[in-house]
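Below is my_file_6.txt, which holds compact mmCIF, C-alpha atoms.
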```txt
# COMPACT_ATOMS: atom_id res chain seq x y z
CA MET A 1 -32.99 74.64 204.72
CA ALA A 2 -31.63 77.01 207.35
CA PHE A 3 -33.93 79.88 206.34
CA ASP A 4 -37.71 80.34 206.43
CA SER A 5 -38.05 82.30 203.19
CA PHE A 6 -36.05 83.45 200.20
CA SER A 7 -35.92 87.02 201.49
CA ALA A 8 -34.57 85.74 204.80
CA PHE A 9 -31.97 83.84 202.83
CA LEU A 10 -30.91 87.03 201.03
CA ALA A 11 -30.90 89.12 204.20
CA MET A 12 -28.99 86.56 206.32
CA GLU A 13 -30.18 88.40 209.43
CA GLY A 14 -28.30 91.53 208.52
CA HIS A 15 -25.14 89.76 207.35
CA GLY A 16 -26.38 89.50 203.76
CA PRO A 17 -24.26 92.31 202.26
CA TYR A 18 -21.06 90.81 203.72
CA VAL A 19 -21.80 87.26 202.65
CA TRP A 20 -22.98 88.19 199.15
CA ALA A 21 -20.09 90.60 198.58
CA CYS A 22 -17.69 87.72 199.23
CA TYR A 23 -19.49 85.24 197.01
CA GLY A 24 -19.89 87.88 194.30
CA ALA A 25 -16.18 88.69 194.30
CA PHE A 26 -15.35 84.99 194.23
CA VAL A 27 -17.60 84.18 191.27
CA LEU A 28 -16.56 87.30 189.35
CA LEU A 29 -12.81 86.81 189.76
CA MET A 30 -12.82 83.06 189.18
CA ALA A 31 -15.01 83.38 186.08
CA THR A 32 -12.80 86.16 184.71
CA LEU A 33 -9.70 84.07 185.32
CA MET A 34 -11.23 81.07 183.56
CA VAL A 35 -12.46 83.02 180.53
CA TRP A 36 -9.16 84.90 180.24
CA SER A 37 -7.18 81.64 180.38
CA LEU A 38 -9.40 80.06 177.70
CA ARG A 39 -8.99 83.06 175.41
CA ARG A 40 -5.22 83.14 175.82
CA ARG A 41 -5.02 79.49 174.85
CA LYS A 42 -7.12 80.08 171.75
CA ALA A 43 -5.01 83.11 170.82
CA ALA A 44 -1.83 81.02 171.16
CA PHE A 45 -3.35 78.35 168.92
CA ASP A 46 -4.35 80.87 166.27
CA ALA A 47 -0.93 82.52 166.37
CA CYS A 48 0.71 79.13 165.78
CA ARG A 49 -1.60 78.38 162.88
CA ARG A 50 -0.96 81.76 161.25
CA GLY A 51 2.78 81.29 161.64
CA PHE A 52 2.69 77.87 159.97
CA GLU A 53 0.49 79.02 157.13
CA GLU A 54 2.80 81.94 156.42
CA THR A 55 5.90 79.78 156.25
CA ARG A 56 4.08 77.31 154.00
CA ASN A 57 2.89 80.02 151.60
CA THR A 58 6.32 81.55 151.23
CA GLY A 59 7.68 78.10 150.44
CA ARG A 60 10.31 78.14 153.11
CA THR A 61 11.16 74.99 154.96
CA ALA A 62 8.60 75.26 157.66
CA ALA A 63 9.20 74.22 161.22
CA SER A 64 12.71 73.20 160.49
CA GLY A 65 13.26 71.46 163.75
CA ALA A 66 13.93 71.92 167.39
CA GLN A 67 17.05 74.05 167.13
CA ALA A 68 14.83 77.02 166.45
CA THR A 69 12.95 76.77 169.73
CA PHE A 70 13.98 77.98 173.13
CA ALA A 71 17.14 76.25 174.15
CA ARG A 72 15.79 75.45 177.58
CA VAL A 73 17.19 71.95 177.59
CA ASN A 74 19.75 70.54 175.23
CA VAL A 75 18.13 67.17 174.78
CA SER A 76 14.78 67.02 173.05
CA GLN A 77 12.33 65.41 175.41
CA ASP A 78 9.65 64.67 172.89
CA MET B 1 11.40 54.95 186.31
CA TRP B 2 13.70 57.33 184.43
CA GLN B 3 11.80 56.81 181.26
CA TRP B 4 8.64 57.75 183.09
CA PHE B 5 10.36 60.81 184.53
CA HIS B 6 11.44 61.89 181.08
CA LYS B 7 8.00 61.31 179.66
CA LEU B 8 6.56 63.47 182.40
CA GLY B 9 8.85 66.25 181.31
CA SER B 10 7.74 66.06 177.69
CA PRO B 11 5.48 68.95 176.72
CA LYS B 12 3.89 66.89 173.97
CA TRP B 13 2.95 64.09 176.34
CA PHE B 14 1.59 66.57 178.87
CA PHE B 15 -0.49 68.30 176.23
CA GLY B 16 -2.31 65.07 175.41
CA ILE B 17 -2.88 64.08 179.02
CA ALA B 18 -4.17 67.56 179.85
CA ASN B 19 -6.63 67.39 176.96
CA ARG B 20 -8.06 64.17 178.32
CA LEU B 21 -8.20 65.36 181.95
CA MET B 22 -9.60 68.83 181.44
CA PRO B 23 -13.30 68.05 180.81
CA TRP B 24 -13.38 65.94 184.00
CA LEU B 25 -11.59 68.55 186.08
CA LEU B 26 -13.91 71.31 184.87
CA ALA B 27 -17.18 69.40 185.23
CA GLY B 28 -16.17 67.79 188.54
CA GLY B 29 -14.84 71.05 189.94
CA LEU B 30 -17.91 73.10 189.04
CA ILE B 31 -20.40 70.52 190.29
CA ILE B 32 -18.64 69.75 193.57
CA LEU B 33 -17.96 73.43 194.27
CA ALA B 34 -21.60 74.30 193.54
CA VAL B 35 -22.86 71.55 195.86
CA GLY B 36 -20.50 72.65 198.64
CA VAL B 37 -21.35 76.34 198.29
CA VAL B 38 -25.14 75.92 198.02
CA TRP B 39 -25.11 73.51 200.96
CA GLY B 40 -23.03 75.92 202.99
CA LEU B 41 -25.08 78.98 202.08
CA ALA B 42 -28.60 77.63 202.38
CA PHE B 43 -28.63 74.38 204.33
CA ALA B 44 -25.85 74.37 206.91
CA PRO B 45 -27.02 75.53 210.35
CA LYS B 46 -26.08 79.00 211.47
CA ASP B 47 -23.16 79.48 213.82
CA TYR B 48 -24.26 80.04 217.41
CA LEU B 49 -21.60 82.70 217.95
CA GLN B 50 -21.12 84.47 214.62
CA GLY B 51 -24.57 84.05 213.10
CA ASN B 52 -24.78 83.91 209.33
CA SER B 53 -21.58 85.80 208.55
CA TYR B 54 -19.67 82.56 209.14
CA ARG B 55 -21.06 81.31 205.79
CA ILE B 56 -18.17 83.18 204.20
CA ILE B 57 -16.02 80.30 205.48
CA PHE B 58 -17.14 78.12 202.55
CA ILE B 59 -15.08 80.25 200.17
CA HIS B 60 -12.63 81.87 202.58
CA VAL B 61 -11.03 78.64 203.76
CA PRO B 62 -10.86 77.00 200.29
CA THR B 63 -9.21 80.06 198.70
CA ALA B 64 -6.76 80.49 201.60
CA PHE B 65 -6.00 76.76 201.60
CA LEU B 66 -5.40 76.68 197.85
CA ALA B 67 -3.34 79.89 197.93
CA GLN B 68 -0.82 78.21 200.23
CA SER B 69 -1.09 74.83 198.58
CA VAL B 70 -0.37 76.33 195.14
CA TYR B 71 2.70 78.06 196.54
CA ILE B 72 4.02 74.76 197.91
CA MET B 73 3.45 73.11 194.52
CA MET B 74 5.33 75.99 192.89
CA ALA B 75 8.21 75.47 195.33
CA VAL B 76 8.42 71.77 194.44
CA ALA B 77 8.41 72.72 190.75
CA ALA B 78 11.13 75.31 191.46
CA VAL B 79 13.37 72.59 192.94
CA VAL B 80 12.76 70.43 189.88
CA THR B 81 13.60 73.39 187.62
CA LEU B 82 16.88 74.08 189.42
CA VAL B 83 18.01 70.49 189.83
CA TRP B 84 16.76 68.67 186.73
CA ARG B 85 16.10 71.60 184.38
CA MET B 86 12.77 70.09 183.47
CA LYS B 87 10.85 72.27 181.03
CA LEU B 88 7.42 71.47 182.39
CA ALA B 89 8.29 72.45 185.96
CA ASP B 90 9.14 75.97 184.89
CA VAL B 91 6.04 76.08 182.68
CA PHE B 92 3.98 75.13 185.74
CA VAL B 93 5.43 77.90 187.92
CA LYS B 94 4.72 80.55 185.32
CA ALA B 95 1.28 79.23 184.48
CA VAL B 96 -0.08 79.04 188.03
CA ALA B 97 1.46 82.14 189.64
CA PRO B 98 -1.42 84.41 188.47
CA VAL B 99 -3.94 81.84 189.75
CA GLY B 100 -2.21 81.89 193.13
CA LEU B 101 -2.34 85.68 193.12
CA VAL B 102 -6.09 85.71 192.53
CA LEU B 103 -6.70 83.04 195.20
CA THR B 104 -4.62 84.93 197.78
CA PHE B 105 -6.42 88.15 196.97
CA LEU B 106 -9.78 86.40 197.38
CA ALA B 107 -8.69 84.93 200.73
CA LEU B 108 -7.69 88.39 201.95
CA PHE B 109 -10.81 90.05 200.57
CA THR B 110 -13.27 87.52 201.98
CA GLY B 111 -11.34 87.62 205.27
CA ALA B 112 -11.64 91.40 205.46
CA VAL B 113 -15.35 91.34 204.69
CA TRP B 114 -15.84 88.57 207.26
CA GLY B 115 -13.81 90.53 209.80
CA LYS B 116 -16.05 93.59 209.67
CA PRO B 117 -19.20 92.04 211.24
CA THR B 118 -17.20 89.58 213.37
CA TRP B 119 -14.25 91.58 214.72
CA GLY B 120 -15.58 95.06 213.98
CA THR B 121 -12.72 95.91 211.64
CA TRP B 122 -11.81 95.29 208.00
CA TRP B 123 -8.11 94.98 208.63
CA ILE B 124 -5.65 94.68 211.46
CA TRP B 125 -1.93 93.91 211.38
CA ASP B 126 -2.54 90.50 212.84
CA ALA B 127 0.17 87.90 212.13
CA ARG B 128 -2.04 85.69 209.97
CA LEU B 129 -3.29 88.60 207.90
CA THR B 130 0.14 90.12 207.47
CA SER B 131 1.76 86.86 206.41
CA MET B 132 -1.03 86.30 203.87
CA LEU B 133 -0.39 89.80 202.52
CA ILE B 134 3.27 88.85 202.12
CA LEU B 135 2.14 85.78 200.17
CA LEU B 136 0.21 88.09 197.83
CA PHE B 137 3.37 90.16 197.28
CA LEU B 138 5.39 86.99 196.69
CA TYR B 139 3.02 85.92 193.93
CA GLY B 140 3.19 89.43 192.47
CA GLY B 141 6.98 89.34 192.72
CA VAL B 142 7.19 86.03 190.88
CA ILE B 143 5.06 87.37 188.02
CA ALA B 144 6.96 90.65 187.84
CA LEU B 145 10.39 89.01 187.96
CA ASP B 146 9.46 86.62 185.17
CA ARG B 147 8.30 89.50 182.98
CA ALA B 148 11.37 91.59 183.76
CA ILE B 149 13.88 89.02 182.44
CA ASN B 150 13.84 88.44 178.70
CA ASP B 151 16.06 85.39 178.54
CA GLU B 152 13.93 82.32 179.25
CA LYS B 153 16.69 80.38 180.98
CA SER B 154 17.73 83.16 183.35
CA ALA B 155 14.09 83.97 184.07
CA ALA B 156 13.41 80.35 184.99
CA ARG B 157 16.34 80.23 187.40
CA ALA B 158 15.67 83.60 189.01
CA VAL B 159 11.98 82.84 189.47
CA ALA B 160 12.77 79.42 190.97
CA VAL B 161 15.14 80.99 193.51
CA LEU B 162 12.58 83.64 194.48
CA VAL B 163 9.88 80.99 194.92
CA LEU B 164 12.18 78.94 197.16
CA VAL B 165 13.16 81.92 199.30
CA GLY B 166 9.48 82.72 199.77
CA VAL B 167 8.68 79.24 201.07
CA VAL B 168 9.74 80.39 204.56
CA ASN B 169 6.48 82.35 204.64
CA ILE B 170 4.30 79.23 204.43
CA PRO B 171 4.99 77.81 207.93
CA ILE B 172 4.68 81.35 209.27
CA ILE B 173 1.16 81.57 207.81
CA LYS B 174 0.29 78.14 209.14
CA TYR B 175 1.52 78.59 212.70
CA SER B 176 0.82 82.32 213.01
CA VAL B 177 -2.49 81.65 214.77
CA GLU B 178 -0.69 79.56 217.38
CA TRP B 179 2.51 81.60 217.86
CA TRP B 180 0.80 84.96 218.12
CA ASN B 181 -2.55 84.77 219.79
CA THR B 182 -4.22 87.80 218.27
CA LEU B 183 -7.45 88.26 216.40
CA HIS B 184 -7.62 85.52 213.78
CA GLN B 185 -9.35 82.40 215.00
CA PRO B 186 -7.38 79.12 215.16
CA ALA B 187 -7.36 76.72 212.24
CA THR B 188 -10.71 75.23 211.33
CA LEU B 189 -9.27 72.02 209.93
CA LYS B 190 -6.40 70.07 211.40
CA LEU B 191 -5.12 66.81 210.01
CA THR B 192 -4.07 65.47 213.37
CA GLU B 193 -7.18 66.23 215.36
CA LYS B 194 -10.83 65.52 215.23
CA PRO B 195 -12.57 68.48 213.60
CA SER B 196 -14.15 70.90 216.01
CA MET B 197 -16.91 71.65 213.52
CA SER B 198 -20.17 69.80 213.24
CA SER B 199 -20.38 67.54 210.22
CA GLU B 200 -23.23 69.64 208.78
CA MET B 201 -20.72 72.45 208.36
CA LEU B 202 -17.63 70.33 207.78
CA ILE B 203 -18.86 68.30 204.78
CA PRO B 204 -19.82 71.31 202.64
CA LEU B 205 -16.50 72.94 203.56
CA LEU B 206 -14.54 69.88 202.46
CA LEU B 207 -16.59 69.71 199.25
CA SER B 208 -15.81 73.35 198.47
CA ILE B 209 -12.10 72.74 199.00
CA LEU B 210 -12.16 69.66 196.75
CA GLY B 211 -14.16 71.48 194.07
CA LEU B 212 -11.79 74.44 194.06
CA TYR B 213 -8.82 72.06 193.85
CA LEU B 214 -10.30 70.47 190.72
CA LEU B 215 -10.98 73.89 189.19
CA PHE B 216 -7.39 74.85 189.93
CA GLY B 217 -6.31 71.68 188.13
CA TRP B 218 -8.30 72.73 185.09
CA LEU B 219 -6.83 76.24 185.18
CA ALA B 220 -3.31 74.85 185.57
CA CYS B 221 -3.79 72.52 182.57
CA ILE B 222 -5.17 75.18 180.27
CA ARG B 223 -2.57 77.78 181.26
CA MET B 224 0.30 75.31 180.94
CA GLN B 225 -0.94 74.36 177.48
CA THR B 226 -0.90 78.02 176.50
CA GLU B 227 2.66 78.45 177.78
CA ILE B 228 3.76 75.28 175.95
CA LEU B 229 2.20 76.47 172.67
CA VAL B 230 4.08 79.75 172.92
CA ARG B 231 7.40 78.10 173.70
CA GLU B 232 7.18 75.15 171.32
CA GLN B 233 5.53 76.90 168.42
CA ARG B 234 8.27 75.93 165.99
CA THR B 235 8.39 72.24 166.80
CA LYS B 236 7.06 69.54 164.56
CA TRP B 237 4.51 68.12 166.98
CA VAL B 238 2.87 71.52 167.57
CA ARG B 239 2.77 72.09 163.83
CA GLU B 240 1.11 68.74 163.23
CA MET B 241 -1.39 69.25 166.01
CA VAL B 242 -2.30 72.80 165.02
CA MET B 243 -2.61 72.02 161.32
CA ALA B 244 -4.74 68.96 162.06
CA GLY B 245 -7.14 71.35 163.77
CA ARG B 246 -7.12 69.42 166.99
CA ASN B 247 -7.08 71.31 170.21
```
Could you rewrite the structure in this file as structure tokens?
Amino acid sequence: MAFDSFSAFLAMEGHGPYVWACYGAFVLLMATLMVWSLRRRKAAFDACRRGFEETRNTGRTAASGAQATFARVNVSQD
Amino acid sequence: MWQWFHKLGSPKWFFGIANRLMPWLLAGGLIILAVGVVWGLAFAPKDYLQGNSYRIIFIHVPTAFLAQSVYIMMAVAAVVTLVWRMKLADVFVKAVAPVGLVLTFLALFTGAVWGKPTWGTWWIWDARLTSMLILLFLYGGVIALDRAINDEKSAARAVAVLVLVGVVNIPIIKYSVEWWNTLHQPATLKLTEKPSMSSEMLIPLLLSILGLYLLFGWLACIRMQTEILVREQRTKWVREMVMAGRN
């Protein structure tokens, strides 16, 4: 341990505010990014599910194949 | 070899691999990063010159390192997009650009806060700082350009070209501390030389970098999966996976 007490650890000999501001910003932004990414993935999943259930209920031929997706590549790579 | 290459480009195959990797990347990343950061904050000795403010290094260097590293990965993916038209490469560029933006911002922010007690100023138009600011704008530009173009194919090509043009900034960032001898201190870690840091500081720094790399891997996986779900929502394999309730 590089510090004698917990209060010394927090104070960092006067550099505490700088050090903790950096670590605070890091934790806050990284956590936000992670939670946001998780939520977006869940939302995409739910949107897919809703879409499939709708097409099934209306009796249309659901998910009628790859020609309906983005024509990014011509050959299906699946 | 070509079969493997094609498999790598398959969104379905990637989705499965990512699902298996993600728990390890998340757990490993969080644990290793926590060990590195706690070690650096509480146990590493204080710097004889800068005192305790140097402890910012344990997140400043990892974020700055990753910010550049992510851009290089994006550039490789951009080449793959332009040459082989591989779906996943473009998915990667779009998925990680916001992560790169956040990492670059954090590198600049922690640098500014470190600069105040060390140099006496938050900001100066030093070459290293300016070139990192340009990197932030490049990430912002990539995101904005992608949103501005509606057609997926044109967006992919335009974004790839922008990413490749921006690569020129990476060596400028790297060598800026050697070409222009201004305020920013020289590189802490060099591959070709023995580290100038004591191992009590070096090991936690390396752990933080590794931990952040793993966390980036997790973020890349989850964001790529999201992008794939959006793009492939009408395909049979997505339908089967979603309806089976697996995720």
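Among A:Leu28, A:Thr55, A:Ala21, A:Met1, the residue with the shortest atom-to-atom distance to Gly40 (chain B), counting only C-alpha atoms, is A:Met1.
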Gly29 (chain B) surroundings by only C-alpha atoms, 6 Å radius, close-in-sequence under 6 positions cut, as a JSON list (two decimals) with C-alpha atoms, keeping the file's coordinate frame:
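Okay, this is what ended up in result_21.json:
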```json
[["chain", "number", "residue", "atom", "x", "y", "z"],
["B", 211, "GLY", "CA", -14.16, 71.48, 194.07],
["B", 214, "LEU", "CA", -10.30, 70.47, 190.72],
["B", 215, "LEU", "CA", -10.98, 73.89, 189.19]]
```
>> Can you tell me which residues surround region 30-36 of chain A at a distance of at most 8 Å, considering all atoms listed in the file, apart from same-chain residues fewer than 4 positions away, and format the answer as number ranges by chain?
In response: A: 26, 40; B: 99, 102, 219
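In this structure, CA of Ala144 (chain B) sits 22.2 Å away from CA of Thr63 (chain B).
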>> Set the cut-off to 7 Å and count only C-alpha atoms: what are the residues of chain B that reach chain A? Output as JSON, numbers by chain.
In response: {"B": [6, 9, 10, 12, 42, 43, 44, 45, 52, 53, 55, 56, 85, 87, 106, 110, 113, 114, 153, 219, 222, 223, 226, 229, 230, 231, 232, 233, 234, 235, 236, 239, 242, 243]}
>> One number please: CA of Ala67 (chain B) to CA of Leu202 (chain B), in Å, one decimal.
In response: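 Here the two named atoms are 19.8 Å from each other.
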> Quick one: of B:Ser154, B:Thr104, B:Gln50, B:Ser199, who's nearest to Ser69 (chain B), counting only C-alpha atoms?
Replying inline: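 Selected residue with least distance to Ser69 (chain B): B:Thr104.
The coordinates place CA of Leu206 (chain B) at 17.2 Å from CA of Asp47 (chain B).
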>> For Ala97 (chain B), find every residue with an atom within 9 Å (counting all atoms listed in the file), except residues of its own chain fewer than 2 positions away, and show them as a list in words.
In response: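 Non-adjacent residues within range: Val70, Tyr71, Met74, Phe92, Val93, Lys94, Ala95, Val99, Gly100, Leu101, Val102, Tyr139, Gly140, Val142 and Ile143 of chain B.
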